[in-house]
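Chemist: Dropping in structure05.cif, which is mmCIF, C-alpha atoms and all ligand atoms:
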data_final
loop_
_atom_site.label_atom_id
_atom_site.label_comp_id
_atom_site.auth_asym_id
_atom_site.auth_seq_id
_atom_site.Cartn_x
_atom_site.Cartn_y
_atom_site.Cartn_z
CA MET A 8 169.11 75.47 301.74
CA ALA A 9 167.15 76.47 298.62
CA LYS A 10 164.04 78.60 298.92
CA LYS A 11 160.88 76.86 297.75
CA THR A 12 162.03 76.03 294.26
CA LYS A 13 160.20 72.75 293.85
CA LYS A 14 156.65 71.58 294.59
CA LEU A 15 156.84 69.43 297.73
CA MET A 16 153.19 69.12 298.78
CA LYS A 17 149.94 68.22 297.05
CA LYS A 18 146.47 68.56 298.62
CA GLY A 19 147.92 68.95 302.13
CA LYS A 20 150.08 65.82 301.80
CA ARG A 21 153.74 65.42 301.08
CA LEU A 22 154.88 63.93 297.78
CA ASP A 23 155.73 60.60 299.45
CA GLY A 24 152.12 60.46 300.71
CA ARG A 25 152.87 61.39 304.33
CA LYS A 26 150.89 63.85 306.41
CA PRO A 27 152.94 66.79 307.77
CA ASP A 28 153.34 65.16 311.21
CA GLU A 29 154.05 61.65 309.91
CA MET A 30 157.44 59.98 310.27
CA ARG A 31 159.07 57.65 307.73
CA PRO A 32 159.09 53.95 308.75
CA ILE A 33 161.76 53.21 311.37
CA LYS A 34 163.25 49.91 312.53
CA ILE A 35 166.11 49.40 314.98
CA LYS A 36 167.98 46.20 315.74
CA ALA A 37 170.11 46.08 318.89
CA GLY A 38 173.19 43.82 318.77
CA TYR A 39 174.45 43.86 315.20
CA VAL A 40 178.25 43.97 315.20
CA LYS A 41 180.13 40.97 316.54
CA ARG A 42 183.40 42.69 317.50
CA ALA A 43 181.86 45.48 319.54
CA ASP A 44 180.86 45.85 323.18
CA GLY A 45 177.47 47.07 322.02
CA SER A 46 175.89 47.85 318.68
CA ALA A 47 172.74 48.69 316.76
CA TYR A 48 171.50 48.95 313.21
CA ILE A 49 168.84 51.41 312.12
CA GLU A 50 166.76 51.66 308.98
CA TRP A 51 164.80 54.89 308.83
CA GLY A 52 163.22 55.97 305.58
CA GLY A 53 166.03 55.46 303.10
CA ASN A 54 168.76 55.73 305.75
CA LYS A 55 170.79 52.74 306.92
CA VAL A 56 173.28 53.24 309.73
CA VAL A 57 175.42 50.85 311.78
CA ALA A 58 176.51 52.05 315.23
CA SER A 59 179.05 50.27 317.42
CA VAL A 60 180.40 51.02 320.89
CA HIS A 61 183.87 50.09 322.12
CA GLY A 62 184.85 50.60 325.74
CA PRO A 63 185.08 52.00 328.28
CA ARG A 64 188.81 51.37 327.84
CA THR A 65 191.95 53.26 328.88
CA CYS A 66 192.10 56.55 327.02
CA TYR A 67 195.04 57.23 324.69
CA PRO A 68 196.66 59.63 324.00
CA ARG A 69 197.16 60.41 327.67
CA HIS A 70 196.59 64.14 327.30
CA GLU A 71 193.00 63.45 326.24
CA ARG A 72 192.39 61.48 329.44
CA SER A 73 190.29 63.02 332.22
CA PRO A 74 190.87 62.00 335.84
CA TYR A 75 187.17 62.71 336.46
CA LYS A 76 185.23 61.14 333.62
CA ALA A 77 185.16 59.02 330.49
CA ARG A 78 185.67 60.72 327.15
CA ILE A 79 182.82 60.08 324.72
CA GLN A 80 184.20 59.97 321.21
CA PHE A 81 181.57 59.72 318.50
CA LYS A 82 182.82 59.15 314.97
CA TYR A 83 180.24 59.74 312.25
CA LYS A 84 181.15 58.61 308.76
CA LEU A 85 179.27 58.84 305.52
CA ALA A 86 180.48 55.77 303.58
CA PRO A 87 181.67 56.62 300.05
CA PHE A 88 178.89 54.48 298.53
CA SER A 89 176.10 55.89 300.73
CA VAL A 90 175.20 58.87 298.52
CA ASP A 91 174.67 59.46 294.78
CA ASP A 92 177.93 61.38 294.33
CA ARG A 93 180.62 59.26 295.95
CA ALA A 94 181.49 60.75 299.37
CA ASN A 95 185.19 61.35 299.99
CA PRO A 96 186.51 58.60 302.30
CA ALA A 97 188.64 61.15 304.20
CA PRO A 98 186.83 62.78 307.17
CA SER A 99 184.99 65.85 305.86
CA ARG A 100 184.18 69.04 307.78
CA ARG A 101 180.59 67.78 307.89
CA ASP A 102 181.66 64.41 309.41
CA LYS A 103 183.68 66.27 312.05
CA GLU A 104 180.86 68.67 312.88
CA ILE A 105 178.30 65.86 313.23
CA SER A 106 180.77 63.81 315.33
CA LYS A 107 181.36 66.72 317.71
CA VAL A 108 177.71 67.66 318.30
CA SER A 109 176.72 64.00 318.63
CA SER A 110 179.45 63.31 321.22
CA GLU A 111 178.09 66.23 323.26
CA ALA A 112 174.49 65.09 322.82
CA LEU A 113 175.30 61.62 324.17
CA GLU A 114 177.63 62.79 326.93
CA LYS A 115 174.64 64.33 328.71
CA ALA A 116 173.08 60.87 329.02
CA VAL A 117 176.04 58.74 330.08
CA PHE A 118 177.29 58.54 333.68
CA THR A 119 180.80 59.38 332.45
CA GLU A 120 181.99 59.98 336.03
CA TYR A 121 181.79 56.20 336.65
CA TYR A 122 184.71 55.62 334.27
CA PRO A 123 187.54 58.12 334.84
CA LYS A 124 190.59 57.99 332.55
CA THR A 125 188.75 55.99 329.92
CA THR A 126 187.33 56.52 326.47
CA ILE A 127 184.06 55.24 325.08
CA ASP A 128 184.36 55.13 321.30
CA ILE A 129 181.24 55.13 319.17
CA TYR A 130 181.41 54.58 315.41
CA ALA A 131 178.37 55.45 313.33
CA THR A 132 178.72 54.47 309.69
CA VAL A 133 176.06 55.58 307.26
CA ILE A 134 175.79 52.97 304.53
CA GLU A 135 172.77 54.52 302.79
CA ALA A 136 171.84 58.18 303.19
CA ALA A 137 168.49 59.85 302.52
CA ALA A 138 168.35 62.93 304.81
CA GLY A 139 168.28 62.78 308.57
CA THR A 140 171.41 60.66 308.89
CA ARG A 141 172.68 62.54 311.95
CA VAL A 142 169.49 61.88 313.90
CA ALA A 143 169.44 58.26 312.70
CA ALA A 144 173.10 57.81 313.73
CA LEU A 145 172.47 59.32 317.18
CA SER A 146 169.34 57.25 317.76
CA ALA A 147 171.22 54.05 316.86
CA ALA A 148 174.26 55.05 318.92
CA SER A 149 172.31 55.44 322.12
CA VAL A 150 170.83 51.95 321.65
CA ALA A 151 174.39 50.66 321.07
CA LEU A 152 175.50 52.32 324.34
CA ALA A 153 172.65 50.62 326.21
CA ASP A 154 173.52 47.33 324.48
CA ALA A 155 177.09 47.74 325.76
CA GLY A 156 175.68 47.95 329.30
CA ILE A 157 176.95 51.48 329.84
CA PRO A 158 175.00 53.21 332.63
CA MET A 159 172.88 56.04 331.26
CA ARG A 160 170.27 58.43 332.59
CA ASP A 161 168.13 57.54 329.59
CA LEU A 162 168.29 56.80 325.88
CA VAL A 163 168.73 59.78 323.56
CA PRO A 164 166.22 59.64 320.72
CA ALA A 165 166.73 62.15 317.91
CA CYS A 166 164.51 63.39 315.09
CA ALA A 167 164.43 66.28 312.62
CA THR A 168 161.62 68.61 311.66
CA GLY A 169 161.62 71.31 309.05
CA LYS A 170 159.57 73.56 306.82
CA ILE A 171 158.37 72.89 303.30
CA GLU A 172 155.91 75.07 301.38
CA ASP A 173 155.44 77.19 304.54
CA THR A 174 154.32 74.08 306.46
CA VAL A 175 156.14 72.62 309.47
CA VAL A 176 156.74 68.92 308.85
CA LEU A 177 158.26 65.97 310.68
CA ASP A 178 161.25 63.96 309.42
CA LEU A 179 162.28 65.49 306.10
CA ASN A 180 163.02 63.18 303.20
CA LYS A 181 165.87 63.87 300.79
CA ASP A 182 163.94 66.16 298.39
CA GLU A 183 162.40 68.02 301.31
CA ASP A 184 165.82 68.45 302.91
CA GLN A 185 167.32 69.77 299.70
CA GLU A 186 164.44 71.87 298.40
CA GLY A 187 162.67 72.86 301.61
CA GLN A 188 162.89 76.07 303.62
CA ALA A 189 164.29 74.82 306.94
CA ASP A 190 165.71 71.78 308.72
CA LEU A 191 165.81 71.42 312.53
CA PRO A 192 167.52 68.26 313.86
CA VAL A 193 166.92 67.69 317.58
CA ALA A 194 168.09 65.12 320.16
CA TYR A 195 166.14 64.78 323.39
CA LEU A 196 166.84 63.27 326.79
CA PRO A 197 163.36 62.26 328.05
CA HIS A 198 164.50 61.63 331.64
CA ASN A 199 165.64 65.26 332.08
CA ASP A 200 163.19 66.75 329.56
CA GLU A 201 166.30 68.26 328.00
CA ILE A 202 167.28 69.03 324.41
CA THR A 203 170.85 67.74 323.97
CA LEU A 204 171.29 68.68 320.31
CA MET A 205 169.65 71.31 318.20
CA GLN A 206 170.88 72.64 314.88
CA MET A 207 169.09 74.73 312.31
CA ASP A 208 169.48 75.30 308.63
CA GLY A 209 167.16 77.77 306.86
CA ASP A 210 164.55 80.19 308.22
CA LEU A 211 161.69 79.75 310.68
CA THR A 212 159.54 82.43 312.30
CA PRO A 213 159.48 82.30 316.14
CA GLU A 214 156.02 80.68 315.95
CA GLU A 215 157.17 78.13 313.39
CA TYR A 216 160.24 77.42 315.50
CA GLU A 217 158.05 76.63 318.55
CA GLU A 218 155.85 74.38 316.43
CA ALA A 219 158.86 72.63 314.85
CA LEU A 220 160.49 72.06 318.23
CA ASP A 221 157.31 70.57 319.75
CA LEU A 222 156.90 68.34 316.70
CA ALA A 223 160.56 67.26 316.92
CA VAL A 224 160.11 66.24 320.56
CA ASP A 225 156.97 64.27 319.59
CA GLY A 226 159.05 62.60 316.87
CA CYS A 227 161.81 61.82 319.39
CA MET A 228 159.25 60.10 321.62
CA LYS A 229 158.23 57.87 318.69
CA VAL A 230 161.90 57.01 318.10
CA TYR A 231 162.23 56.36 321.86
CA GLU A 232 159.48 53.72 321.69
CA GLU A 233 161.31 51.96 318.84
CA GLN A 234 164.63 52.15 320.73
CA LYS A 235 163.06 50.50 323.78
CA ARG A 236 161.36 47.88 321.62
CA ALA A 237 164.70 47.01 319.99
CA LEU A 238 166.37 46.60 323.38
CA ARG A 239 163.53 44.44 324.73
CA GLU A 240 163.76 42.25 321.62
CA ARG A 241 167.51 41.90 322.09
CA TYR A 242 167.20 40.78 325.69
CA GLU A 243 164.33 38.40 325.05
CA HIS A 244 166.57 36.80 322.45
CA ILE A 245 169.50 36.49 324.89
CA GLU A 246 167.20 34.94 327.51
CA GLN A 247 165.92 32.46 324.94
CA GLU A 248 169.48 31.50 323.91
CA LYS A 249 170.41 30.95 327.57
CA GLU A 250 167.41 28.68 328.08
CA GLU A 251 168.32 26.64 325.00
CA GLU A 252 171.90 26.08 326.23
O1 LIG A 301 171.80 63.62 306.85
P1 LIG A 301 171.46 64.88 307.58
O2 LIG A 301 170.09 65.42 307.19
O3 LIG A 301 171.63 64.76 309.06
O4 LIG A 301 172.53 65.96 307.17
P2 LIG A 301 172.60 67.01 305.94
O5 LIG A 301 173.99 67.57 305.95
O6 LIG A 301 171.44 67.95 306.03
O7 LIG A 301 172.45 66.10 304.66
C1 LIG A 301 171.22 65.78 304.11
C2 LIG A 301 171.34 64.68 303.11
O8 LIG A 301 172.12 65.12 301.99
C3 LIG A 301 172.08 63.44 303.59
O9 LIG A 301 171.30 62.61 304.42
C4 LIG A 301 172.42 62.79 302.28
O10 LIG A 301 171.31 62.08 301.79
C5 LIG A 301 172.72 64.00 301.40
N1 LIG A 301 174.19 64.21 301.28
C6 LIG A 301 174.81 63.81 300.11
O11 LIG A 301 174.15 63.33 299.20
N2 LIG A 301 176.17 63.95 299.99
C7 LIG A 301 176.92 64.45 301.00
N3 LIG A 301 178.24 64.56 300.85
C8 LIG A 301 176.29 64.86 302.18
C9 LIG A 301 174.91 64.73 302.30
#
Take the structure I supplied and represent it as structure tokens, if you would.
Ligand code: CDP

Modeler:
Amino acid sequence: MAKKTKKLMKKGKRLDGRKPDEMRPIKIKAGYVKRADGSAYIEWGGNKVVASVHGPRTCYPRHERSPYKARIQFKYKLAPFSVDDRANPAPSRRDKEISKVSSEALEKAVFTEYYPKTTIDIYATVIEAAAGTRVAALSAASVALADAGIPMRDLVPACATGKIEDTVVLDLNKDEDQEGQADLPVAYLPHNDEITLMQMDGDLTPEEYEEALDLAVDGCMKVYEEQKRALRERYEHIEQEKEEE
């Protein structure tokens, strides 16, 4: 991450007009992919991500099967056309890293012990990227899990904070991510008051870290409201369709 090379704030506001603690617009739709057990679509700032859930189904290969719990396999993919420089369609180190930490972040929420010997596959495909894709993918994936009817302790909202021009800010945009001083993506399990994912790029003082973490949890709670709204909307729709039949 570059060190303060570009002007990112003007008169206390960010260049896109947001206040430091303001999030980009977010909209989630639950139930988006026909051939999935559960799915969701998220638009967040300039990010667009489709998440789909398949399973629980018998886990293959056998050696990856657990007699005690379901395997959560999250597959994050940046589509080649989602970024300015075409992304390589082969899985990159970054795709693998995001997939691994996201699987672990969601595993904390799912009652995996209900489904021994199975796998729950989650595909998160980024079709447009503008910083914060991992938190957008995770936020959509947990809605897709709920849409699939998979028992969970709670949804897992995720949100990033960071530092630009020595100011802690919520939900970095692309310029802020590239030119800012730090980036702190966080996923949060409200039911347990537990952080299930935290990564950091750049430098924060201990005080800034505390501030950024608190702000990230506040951001997660805003995402949580949108996740619940999307699920309510989905089920109102299903009820309506049933009545019309
Ligand atoms: O997307 P997120 O912030 O979770 O992850 P990142 O690795 O910090 O990437 C930040 C942003 O860089 C992405 O959201 C994309 O907009 C961009 N990027 C890109 O243009 N090309 C890549 N191969 C990877 C990321």

Chemist: Please determine, counting only C-alpha atoms, which residue among A:Lys115, A:Gly156, A:Asn180, A:Val108 has the shortest atom-to-atom distance to A:Leu204.

Modeler: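 Counting only C-alpha atoms, the residue closest to A:Leu204 is A:Val108.
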
Chemist: Report the distance between atom O7 of ligand LIG 301 (chain A) and atom CA of A:Pro164 in Å, rounded to one decimal place.

Modeler: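 Distance between the two atoms: 18.4 Å.
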
Chemist: Considering all atoms listed in the file, tabulate each residue of chain A that lies at most 10 Å from ligand LIG 301 (chain A) along with its nearest interatomic pair and the corresponding distance in Å to one decimal; arrange the rows by chain and ascending residue number and present them as CSV.

Modeler:
residue,atom,partner,partner_atom,distance
A:Met8,CA,A:LIG301,O6,9.0
A:Gly53,CA,A:LIG301,O10,8.6
A:Asn54,CA,A:LIG301,O9,7.5
A:Leu85,CA,A:LIG301,N3,7.5
A:Ala86,CA,A:LIG301,N3,9.5
A:Pro87,CA,A:LIG301,N3,8.7
A:Phe88,CA,A:LIG301,N2,10.0
A:Ser89,CA,A:LIG301,O11,7.8
A:Val90,CA,A:LIG301,O11,4.6
A:Asp91,CA,A:LIG301,O11,5.9
A:Asp92,CA,A:LIG301,N2,6.5
A:Arg93,CA,A:LIG301,N3,7.6
A:Ala94,CA,A:LIG301,N3,5.2
A:Asn95,CA,A:LIG301,N3,7.7
A:Ser99,CA,A:LIG301,N3,8.5
A:Arg101,CA,A:LIG301,O5,6.9
A:Asp102,CA,A:LIG301,O5,9.0
A:Glu104,CA,A:LIG301,O5,9.8
A:Ile105,CA,A:LIG301,O3,7.9
A:Val133,CA,A:LIG301,O9,9.0
A:Glu135,CA,A:LIG301,O10,7.8
A:Ala136,CA,A:LIG301,O10,4.2
A:Ala137,CA,A:LIG301,O10,3.7
A:Ala138,CA,A:LIG301,O9,3.0
A:Gly139,CA,A:LIG301,O2,3.5
A:Thr140,CA,A:LIG301,O1,3.6
A:Arg141,CA,A:LIG301,O3,3.8
A:Val142,CA,A:LIG301,O3,6.0
A:Ala143,CA,A:LIG301,O3,7.8
A:Ala144,CA,A:LIG301,O3,8.5
A:Leu145,CA,A:LIG301,O3,9.8
A:Cys166,CA,A:LIG301,O3,9.4
A:Ala167,CA,A:LIG301,O2,7.9
A:Asp178,CA,A:LIG301,O2,9.2
A:Leu179,CA,A:LIG301,O2,7.9
A:Asn180,CA,A:LIG301,O9,8.4
A:Lys181,CA,A:LIG301,O10,5.8
A:Asp182,CA,A:LIG301,C2,8.9
A:Glu183,CA,A:LIG301,C1,9.5
A:Asp184,CA,A:LIG301,C1,6.1
A:Gln185,CA,A:LIG301,O8,7.1
A:Ala189,CA,A:LIG301,O6,10.0
A:Asp190,CA,A:LIG301,O6,7.4
A:Leu191,CA,A:LIG301,O2,9.1
A:Pro192,CA,A:LIG301,O3,7.2
A:Gln206,CA,A:LIG301,O3,9.8
A:Met207,CA,A:LIG301,O6,9.5
A:Asp208,CA,A:LIG301,O6,8.0

Chemist: For the residues in the current selection, export C-alpha atoms as a PDB file, in the coordinates of the input.

Modeler:
ATOM      1  CA  MET A   8     169.110  75.470 301.740  1.00  0.00           C
ATOM      2  CA  GLY A  53     166.030  55.460 303.100  1.00  0.00           C
ATOM      3  CA  ASN A  54     168.760  55.730 305.750  1.00  0.00           C
ATOM      4  CA  LEU A  85     179.270  58.840 305.520  1.00  0.00           C
ATOM      5  CA  ALA A  86     180.480  55.770 303.580  1.00  0.00           C
ATOM      6  CA  PRO A  87     181.670  56.620 300.050  1.00  0.00           C
ATOM      7  CA  PHE A  88     178.890  54.480 298.530  1.00  0.00           C
ATOM      8  CA  SER A  89     176.100  55.890 300.730  1.00  0.00           C
ATOM      9  CA  VAL A  90     175.200  58.870 298.520  1.00  0.00           C
ATOM     10  CA  ASP A  91     174.670  59.460 294.780  1.00  0.00           C
ATOM     11  CA  ASP A  92     177.930  61.380 294.330  1.00  0.00           C
ATOM     12  CA  ARG A  93     180.620  59.260 295.950  1.00  0.00           C
ATOM     13  CA  ALA A  94     181.490  60.750 299.370  1.00  0.00           C
ATOM     14  CA  ASN A  95     185.190  61.350 299.990  1.00  0.00           C
ATOM     15  CA  SER A  99     184.990  65.850 305.860  1.00  0.00           C
ATOM     16  CA  ARG A 101     180.590  67.780 307.890  1.00  0.00           C
ATOM     17  CA  ASP A 102     181.660  64.410 309.410  1.00  0.00           C
ATOM     18  CA  GLU A 104     180.860  68.670 312.880  1.00  0.00           C
ATOM     19  CA  ILE A 105     178.300  65.860 313.230  1.00  0.00           C
ATOM     20  CA  VAL A 133     176.060  55.580 307.260  1.00  0.00           C
ATOM     21  CA  GLU A 135     172.770  54.520 302.790  1.00  0.00           C
ATOM     22  CA  ALA A 136     171.840  58.180 303.190  1.00  0.00           C
ATOM     23  CA  ALA A 137     168.490  59.850 302.520  1.00  0.00           C
ATOM     24  CA  ALA A 138     168.350  62.930 304.810  1.00  0.00           C
ATOM     25  CA  GLY A 139     168.280  62.780 308.570  1.00  0.00           C
ATOM     26  CA  THR A 140     171.410  60.660 308.890  1.00  0.00           C
ATOM     27  CA  ARG A 141     172.680  62.540 311.950  1.00  0.00           C
ATOM     28  CA  VAL A 142     169.490  61.880 313.900  1.00  0.00           C
ATOM     29  CA  ALA A 143     169.440  58.260 312.700  1.00  0.00           C
ATOM     30  CA  ALA A 144     173.100  57.810 313.730  1.00  0.00           C
ATOM     31  CA  LEU A 145     172.470  59.320 317.180  1.00  0.00           C
ATOM     32  CA  CYS A 166     164.510  63.390 315.090  1.00  0.00           C
ATOM     33  CA  ALA A 167     164.430  66.280 312.620  1.00  0.00           C
ATOM     34  CA  ASP A 178     161.250  63.960 309.420  1.00  0.00           C
ATOM     35  CA  LEU A 179     162.280  65.490 306.100  1.00  0.00           C
ATOM     36  CA  ASN A 180     163.020  63.180 303.200  1.00  0.00           C
ATOM     37  CA  LYS A 181     165.870  63.870 300.790  1.00  0.00           C
ATOM     38  CA  ASP A 182     163.940  66.160 298.390  1.00  0.00           C
ATOM     39  CA  GLU A 183     162.400  68.020 301.310  1.00  0.00           C
ATOM     40  CA  ASP A 184     165.820  68.450 302.910  1.00  0.00           C
ATOM     41  CA  GLN A 185     167.320  69.770 299.700  1.00  0.00           C
ATOM     42  CA  ALA A 189     164.290  74.820 306.940  1.00  0.00           C
ATOM     43  CA  ASP A 190     165.710  71.780 308.720  1.00  0.00           C
ATOM     44  CA  LEU A 191     165.810  71.420 312.530  1.00  0.00           C
ATOM     45  CA  PRO A 192     167.520  68.260 313.860  1.00  0.00           C
ATOM     46  CA  GLN A 206     170.880  72.640 314.880  1.00  0.00           C
ATOM     47  CA  MET A 207     169.090  74.730 312.310  1.00  0.00           C
ATOM     48  CA  ASP A 208     169.480  75.300 308.630  1.00  0.00           C
TER      49      ASP A 208
END

Chemist: Compare A:Lys170, A:Arg42, A:Asp128, A:Ala223 by their minimum atom-to-atom distance to A:Met205, counting all atoms listed in the file, and give me the closest one.

Modeler: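 Looking only at the distances to A:Met205, the closest residue turns out to be A:Ala223.
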
Chemist: Closest to A:Val230 among A:Leu15, A:Ile134, A:Ile33, A:Ala155, using all atoms listed in the file?

Modeler: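 When distances to A:Val230 are compared using all atoms listed in the file, the smallest one comes from A:Ile33.
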
Chemist: Need the shell around A:Tyr130: protein/DNA/RNA residues with any atom at most 8 Å away, counting only C-alpha atoms. Skip same-chain ones fewer than 5 positions apart. Format as a VMD selection string?

Modeler: chain A and resid 57 to 60 81 to 84 148

Chemist: Which residue is closest to A:Val163? Choose from A:Asp200, A:Glu252, A:Asp23, A:Glu240 and count all atoms listed in the file.

Modeler: A:Asp200

Chemist: Just give me the gap between atom CA of A:Glu248 and atom CA of A:Lys36 in Å, one decimal is fine.

Modeler: 16.9 Å

Chemist: Quick one: residues within 12 Å of A:Lys17, only C-alpha atoms counted, chain neighbours fewer than 2 positions away excluded, as an MDAnalysis selection string?

Modeler: chainID A and resid 13:15 19:27 171:172 174

Chemist: For the selection you just gave me, I'd like the residues written to a file as a PDB file, in the coordinates of the input, keeping C-alpha atoms.

Modeler:
ATOM      1  CA  LYS A  13     160.200  72.750 293.850  1.00  0.00           C
ATOM      2  CA  LYS A  14     156.650  71.580 294.590  1.00  0.00           C
ATOM      3  CA  LEU A  15     156.840  69.430 297.730  1.00  0.00           C
ATOM      4  CA  GLY A  19     147.920  68.950 302.130  1.00  0.00           C
ATOM      5  CA  LYS A  20     150.080  65.820 301.800  1.00  0.00           C
ATOM      6  CA  ARG A  21     153.740  65.420 301.080  1.00  0.00           C
ATOM      7  CA  LEU A  22     154.880  63.930 297.780  1.00  0.00           C
ATOM      8  CA  ASP A  23     155.730  60.600 299.450  1.00  0.00           C
ATOM      9  CA  GLY A  24     152.120  60.460 300.710  1.00  0.00           C
ATOM     10  CA  ARG A  25     152.870  61.390 304.330  1.00  0.00           C
ATOM     11  CA  LYS A  26     150.890  63.850 306.410  1.00  0.00           C
ATOM     12  CA  PRO A  27     152.940  66.790 307.770  1.00  0.00           C
ATOM     13  CA  ILE A 171     158.370  72.890 303.300  1.00  0.00           C
ATOM     14  CA  GLU A 172     155.910  75.070 301.380  1.00  0.00           C
ATOM     15  CA  THR A 174     154.320  74.080 306.460  1.00  0.00           C
TER      16      THR A 174
END

Chemist: Counting all atoms listed in the file, find the residues whose atoms lie at most 12 Å from (155.9, 82.7, 309.9) (file coordinates) and write them out as a list in words.

Modeler: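 Here is the list of nearby residues: Lys170, Glu172, Asp173, Thr174, Val175, Gln188, Ala189, Asp210, Leu211, Thr212, Pro213, Glu214, Glu215, Tyr216, Glu217, Glu218 and Ala219 of chain A.
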
Chemist: Can you work out the spacing between atom CA of A:Ala112 and atom CA of A:Pro32 in Å, to one decimal?

Modeler: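 Spanning atom CA of A:Ala112 to atom CA of A:Pro32 is a straight-line distance of 23.6 Å.
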
Chemist: Of the candidates A:Val56, A:Ala165, A:Ile79, A:Val117, which one gets nearest to A:Thr132 if we count only C-alpha atoms?

Modeler: A:Val56

Chemist: Point out the residue among A:Tyr75, A:Tyr48, A:Phe118, A:Tyr195 with the least atom-to-atom distance to A:Ala147, counting only C-alpha atoms.

Modeler: A:Tyr48

Chemist: Is it possible to add N, CA and C atoms to stretch 66-78 of chain A and hand it back as a CSV table (one decimal), in the frame of the given file?

Modeler:
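Generated output (rebuild-v7.csv):
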chain,number,residue,atom,x,y,z
A,66,CYS,N,192.1,55.5,328.1
A,66,CYS,CA,192.1,56.6,327.0
A,66,CYS,C,193.5,56.9,326.6
A,67,TYR,N,193.8,56.8,325.3
A,67,TYR,CA,195.0,57.2,324.7
A,67,TYR,C,194.7,58.2,323.6
A,68,PRO,N,195.5,59.2,323.3
A,68,PRO,CA,196.7,59.6,324.0
A,68,PRO,C,196.3,60.2,325.4
A,69,ARG,N,197.4,60.1,326.3
A,69,ARG,CA,197.2,60.4,327.7
A,69,ARG,C,196.6,61.8,327.9
A,70,HIS,N,197.0,62.8,327.1
A,70,HIS,CA,196.6,64.1,327.3
A,70,HIS,C,195.1,64.3,327.1
A,71,GLU,N,194.5,63.3,326.4
A,71,GLU,CA,193.0,63.4,326.2
A,71,GLU,C,192.2,62.7,327.4
A,72,ARG,N,193.0,62.2,328.3
A,72,ARG,CA,192.4,61.5,329.4
A,72,ARG,C,191.9,62.5,330.5
A,73,SER,N,190.7,62.2,331.1
A,73,SER,CA,190.3,63.0,332.2
A,73,SER,C,190.3,62.2,333.5
A,74,PRO,N,190.9,62.8,334.6
A,74,PRO,CA,190.9,62.0,335.8
A,74,PRO,C,189.5,61.9,336.5
A,75,TYR,N,188.5,62.6,335.9
A,75,TYR,CA,187.2,62.7,336.5
A,75,TYR,C,186.1,61.9,335.7
A,76,LYS,N,186.3,61.7,334.4
A,76,LYS,CA,185.2,61.1,333.6
A,76,LYS,C,185.7,60.5,332.4
A,77,ALA,N,184.8,59.7,331.8
A,77,ALA,CA,185.2,59.0,330.5
A,77,ALA,C,185.0,60.0,329.4
A,78,ARG,N,185.8,59.9,328.4
A,78,ARG,CA,185.7,60.7,327.2
A,78,ARG,C,184.7,60.0,326.2
